[in-house]
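**Q** This one is structure_29.csv, CSV, C-alpha atoms.
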```csv
chain,number,residue,atom,x,y,z
A,172,MET,CA,-31.8,-42.8,6.6
A,173,ARG,CA,-28.4,-44.5,6.2
A,174,VAL,CA,-28.4,-48.3,6.0
A,175,LEU,CA,-25.1,-50.1,6.8
A,176,SER,CA,-24.4,-53.7,5.9
A,177,ASP,CA,-22.1,-55.9,8.0
A,178,ASP,CA,-19.2,-55.2,5.6
A,179,GLU,CA,-19.8,-51.5,5.9
A,180,VAL,CA,-19.9,-51.7,9.7
A,181,ALA,CA,-16.7,-53.7,9.7
A,182,GLY,CA,-15.0,-50.9,7.7
A,183,LEU,CA,-16.1,-48.3,10.2
A,184,LEU,CA,-15.9,-50.0,13.5
A,185,ASP,CA,-12.7,-49.2,15.4
A,186,LEU,CA,-12.2,-50.9,18.7
A,187,GLY,CA,-9.9,-48.2,19.9
A,188,ASP,CA,-12.7,-45.7,19.4
A,189,LEU,CA,-15.3,-48.0,20.8
A,190,LEU,CA,-13.6,-48.8,24.1
A,191,PRO,CA,-13.8,-45.3,25.6
A,192,GLU,CA,-17.4,-45.0,24.5
A,193,ILE,CA,-18.3,-48.2,26.3
A,194,GLU,CA,-16.5,-46.9,29.4
A,195,ARG,CA,-18.4,-43.6,29.1
A,196,ALA,CA,-21.7,-45.4,28.9
A,197,PHE,CA,-21.0,-47.5,31.9
A,198,ARG,CA,-19.9,-44.5,34.0
A,199,LYS,CA,-23.1,-42.6,33.0
A,200,GLN,CA,-25.2,-45.7,33.7
A,201,GLY,CA,-23.6,-45.8,37.2
A,202,ARG,CA,-24.7,-42.2,37.8
A,203,GLY,CA,-28.3,-43.0,36.6
A,204,GLU,CA,-27.9,-41.1,33.3
A,205,VAL,CA,-28.9,-44.0,31.0
A,206,GLU,CA,-32.4,-45.0,30.1
A,207,ARG,CA,-32.4,-48.7,29.5
A,208,PRO,CA,-35.7,-50.4,30.1
A,209,GLU,CA,-36.2,-54.1,30.7
A,210,ARG,CA,-35.8,-55.9,27.4
A,211,PRO,CA,-38.8,-57.7,26.3
A,212,HIS,CA,-38.3,-61.1,24.7
A,213,PHE,CA,-40.8,-63.2,22.8
A,214,PRO,CA,-40.9,-66.6,21.0
A,215,VAL,CA,-40.6,-66.4,17.2
A,216,GLY,CA,-41.0,-68.9,14.4
A,217,THR,CA,-43.9,-70.9,15.9
A,218,GLY,CA,-45.8,-72.5,13.1
A,219,ILE,CA,-43.1,-72.4,10.5
A,220,GLU,CA,-41.6,-75.8,11.1
A,221,GLY,CA,-44.0,-77.1,13.7
A,222,ASP,CA,-45.7,-76.0,17.0
A,223,GLU,CA,-42.4,-75.0,18.8
A,224,PRO,CA,-40.8,-71.6,18.4
A,225,LEU,CA,-37.6,-71.6,16.4
A,226,GLY,CA,-36.0,-68.8,18.4
A,227,THR,CA,-36.4,-65.7,20.6
A,228,GLY,CA,-36.7,-62.1,19.6
A,229,LEU,CA,-35.4,-59.3,21.9
A,230,THR,CA,-35.8,-55.6,21.8
A,231,MET,CA,-33.2,-53.5,23.6
A,232,PRO,CA,-33.6,-49.7,23.6
A,233,ALA,CA,-31.1,-47.4,25.3
A,234,TYR,CA,-30.5,-43.6,25.6
A,235,ILE,CA,-27.5,-41.9,27.3
A,236,HIS,CA,-28.6,-38.6,28.7
A,237,GLY,CA,-27.2,-35.7,26.6
A,238,ASP,CA,-26.5,-37.7,23.5
A,239,ASP,CA,-28.0,-36.6,20.2
A,240,HIS,CA,-29.2,-40.1,19.2
A,241,TYR,CA,-30.5,-43.2,20.9
A,242,ALA,CA,-30.4,-46.8,19.7
A,243,THR,CA,-32.7,-49.8,19.7
A,244,LYS,CA,-31.1,-53.2,19.2
A,245,LEU,CA,-33.3,-55.8,17.7
A,246,ALA,CA,-31.7,-59.2,18.4
A,247,SER,CA,-32.6,-62.8,17.8
A,248,VAL,CA,-31.4,-66.0,19.4
A,249,HIS,CA,-31.8,-69.1,17.3
A,250,GLU,CA,-30.1,-72.2,18.7
A,251,GLY,CA,-30.7,-74.1,15.5
A,252,ASN,CA,-28.6,-71.7,13.5
A,253,ALA,CA,-25.4,-73.6,14.5
A,254,GLU,CA,-26.6,-76.5,12.4
A,255,ARG,CA,-27.3,-74.1,9.5
A,256,GLY,CA,-23.8,-72.6,9.8
A,257,ARG,CA,-25.2,-69.2,10.9
A,258,PRO,CA,-24.6,-67.3,14.1
A,259,THR,CA,-26.9,-68.2,17.0
A,260,VAL,CA,-27.3,-64.5,18.0
A,261,GLN,CA,-27.9,-61.9,15.3
A,262,ALA,CA,-28.9,-58.2,15.6
A,263,GLN,CA,-29.7,-55.0,13.9
A,264,ILE,CA,-29.5,-51.6,15.4
A,265,ALA,CA,-31.9,-48.7,14.7
A,266,VAL,CA,-30.4,-45.3,15.4
A,267,THR,CA,-32.9,-42.4,16.1
A,268,ASP,CA,-32.4,-38.7,16.5
A,269,ALA,CA,-33.2,-37.8,20.1
A,270,ARG,CA,-34.5,-34.3,19.3
A,271,THR,CA,-36.9,-35.2,16.6
A,272,GLY,CA,-37.5,-38.9,16.7
A,273,GLU,CA,-36.3,-39.2,13.1
A,274,PRO,CA,-34.8,-42.5,12.1
A,275,THR,CA,-31.2,-41.8,11.0
A,276,ALA,CA,-29.6,-45.2,10.5
A,277,LEU,CA,-30.1,-49.0,10.4
A,278,LEU,CA,-27.0,-51.0,11.1
A,279,ALA,CA,-26.2,-54.6,10.8
A,280,GLY,CA,-25.6,-55.2,14.6
A,281,THR,CA,-24.1,-58.6,15.1
A,282,ARG,CA,-20.5,-57.3,14.7
A,283,ILE,CA,-21.3,-54.3,17.0
A,284,THR,CA,-22.8,-56.6,19.6
A,285,ASN,CA,-19.7,-58.8,19.6
A,286,ALA,CA,-17.3,-55.8,19.7
A,287,ARG,CA,-19.3,-54.3,22.7
A,288,THR,CA,-19.0,-57.6,24.5
A,289,GLY,CA,-15.3,-57.8,23.9
A,290,CYS,CA,-14.8,-54.2,25.1
A,291,ILE,CA,-16.6,-55.0,28.4
A,292,GLY,CA,-14.1,-57.8,29.0
A,293,GLY,CA,-11.3,-55.5,28.0
A,294,LEU,CA,-12.4,-52.8,30.5
A,295,ALA,CA,-12.7,-55.4,33.2
A,296,ALA,CA,-9.2,-56.7,32.5
A,297,ASP,CA,-7.8,-53.2,32.5
A,298,ARG,CA,-9.4,-52.4,35.9
A,299,LEU,CA,-8.2,-55.7,37.4
A,300,ALA,CA,-4.6,-55.6,36.0
A,301,VAL,CA,-1.7,-54.8,38.3
A,302,GLY,CA,0.6,-52.1,36.9
A,303,ASP,CA,1.1,-48.5,36.2
A,304,GLY,CA,-1.2,-47.9,33.2
A,305,PRO,CA,-4.0,-49.2,31.1
A,306,VAL,CA,-3.7,-52.4,29.2
A,307,THR,CA,-3.4,-51.8,25.5
```
In structure tokens, write the structure found in this file.
**A**
Amino acid sequence: MRVLSDDEVAGLLDLGDLLPEIERAFRKQGRGEVERPERPHFPVGTGIEGDEPLGTGLTMPAYIHGDDHYATKLASVHEGNAERGRPTVQAQIAVTDARTGEPTALLAGTRITNARTGCIGGLAADRLAVGDGPVT
């Protein structure tokens, strides 16, 4: 199994390559070709610094029909991280072989999450823009 740090993800992540993949996923989702169950969320950190939870954990699996792999994002939201100089939302992504169930990669996912969010906005702007071609 390959493990990629945030720096390694940064070296590989190309927004020009990601944008059409996000568009493909949205089109397939619109056709009902994506498995994306409700994301469970749960309080975490209760009992570490008191009786209140310190954050929220989330699990977000997704599979696009026909793809060789599927991904499960494990995310956390910790509002107190702003005071610690850390991101409020952090994530890691587990990539699994769709044929065998074998784990194939674990990626630092915060940068990927932010890039995906940006691509969604870029796709929306592209579709709303007036003109002859796509916004670059």
**Q** Between atom CA of Gly226 of chain A and atom CA of Gly251 of chain A, what is the distance in Å, rounded to a tenth?
**A**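 One can read the atom CA of Gly226 of chain A to atom CA of Gly251 of chain A distance as 8.0 Å.
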**Q** Which one of A:Gly228, A:Gly292, A:Gly237, A:Gly272 sits closest to Val260 of chain A if you count only C-alpha atoms?
**A**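 Among the listed residues, the smallest separation from Val260 of chain A belongs to A:Gly228.
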**Q** Considering all atoms listed in the file, state which residue in the set A:Cys290, A:Ile219, A:Ala233, A:Leu278 is at the smallest distance from Ala181 of chain A.
**A**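 Of the candidates, the smallest distance to Ala181 of chain A is held by A:Leu278.
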**Q** Quick one, how far is atom CA of Pro214 of chain A from atom CA of Val180 of chain A?
**A**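 Those two atoms sit 28.1 Å apart.
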**Q** Just to confirm, what's the straight-line distance from atom CA of Glu254 of chain A to atom CA of Glu220 of chain A in Å (one decimal)?
**A**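 So the two atoms, atom CA of Glu254 of chain A and atom CA of Glu220 of chain A, lie 15.1 Å apart.
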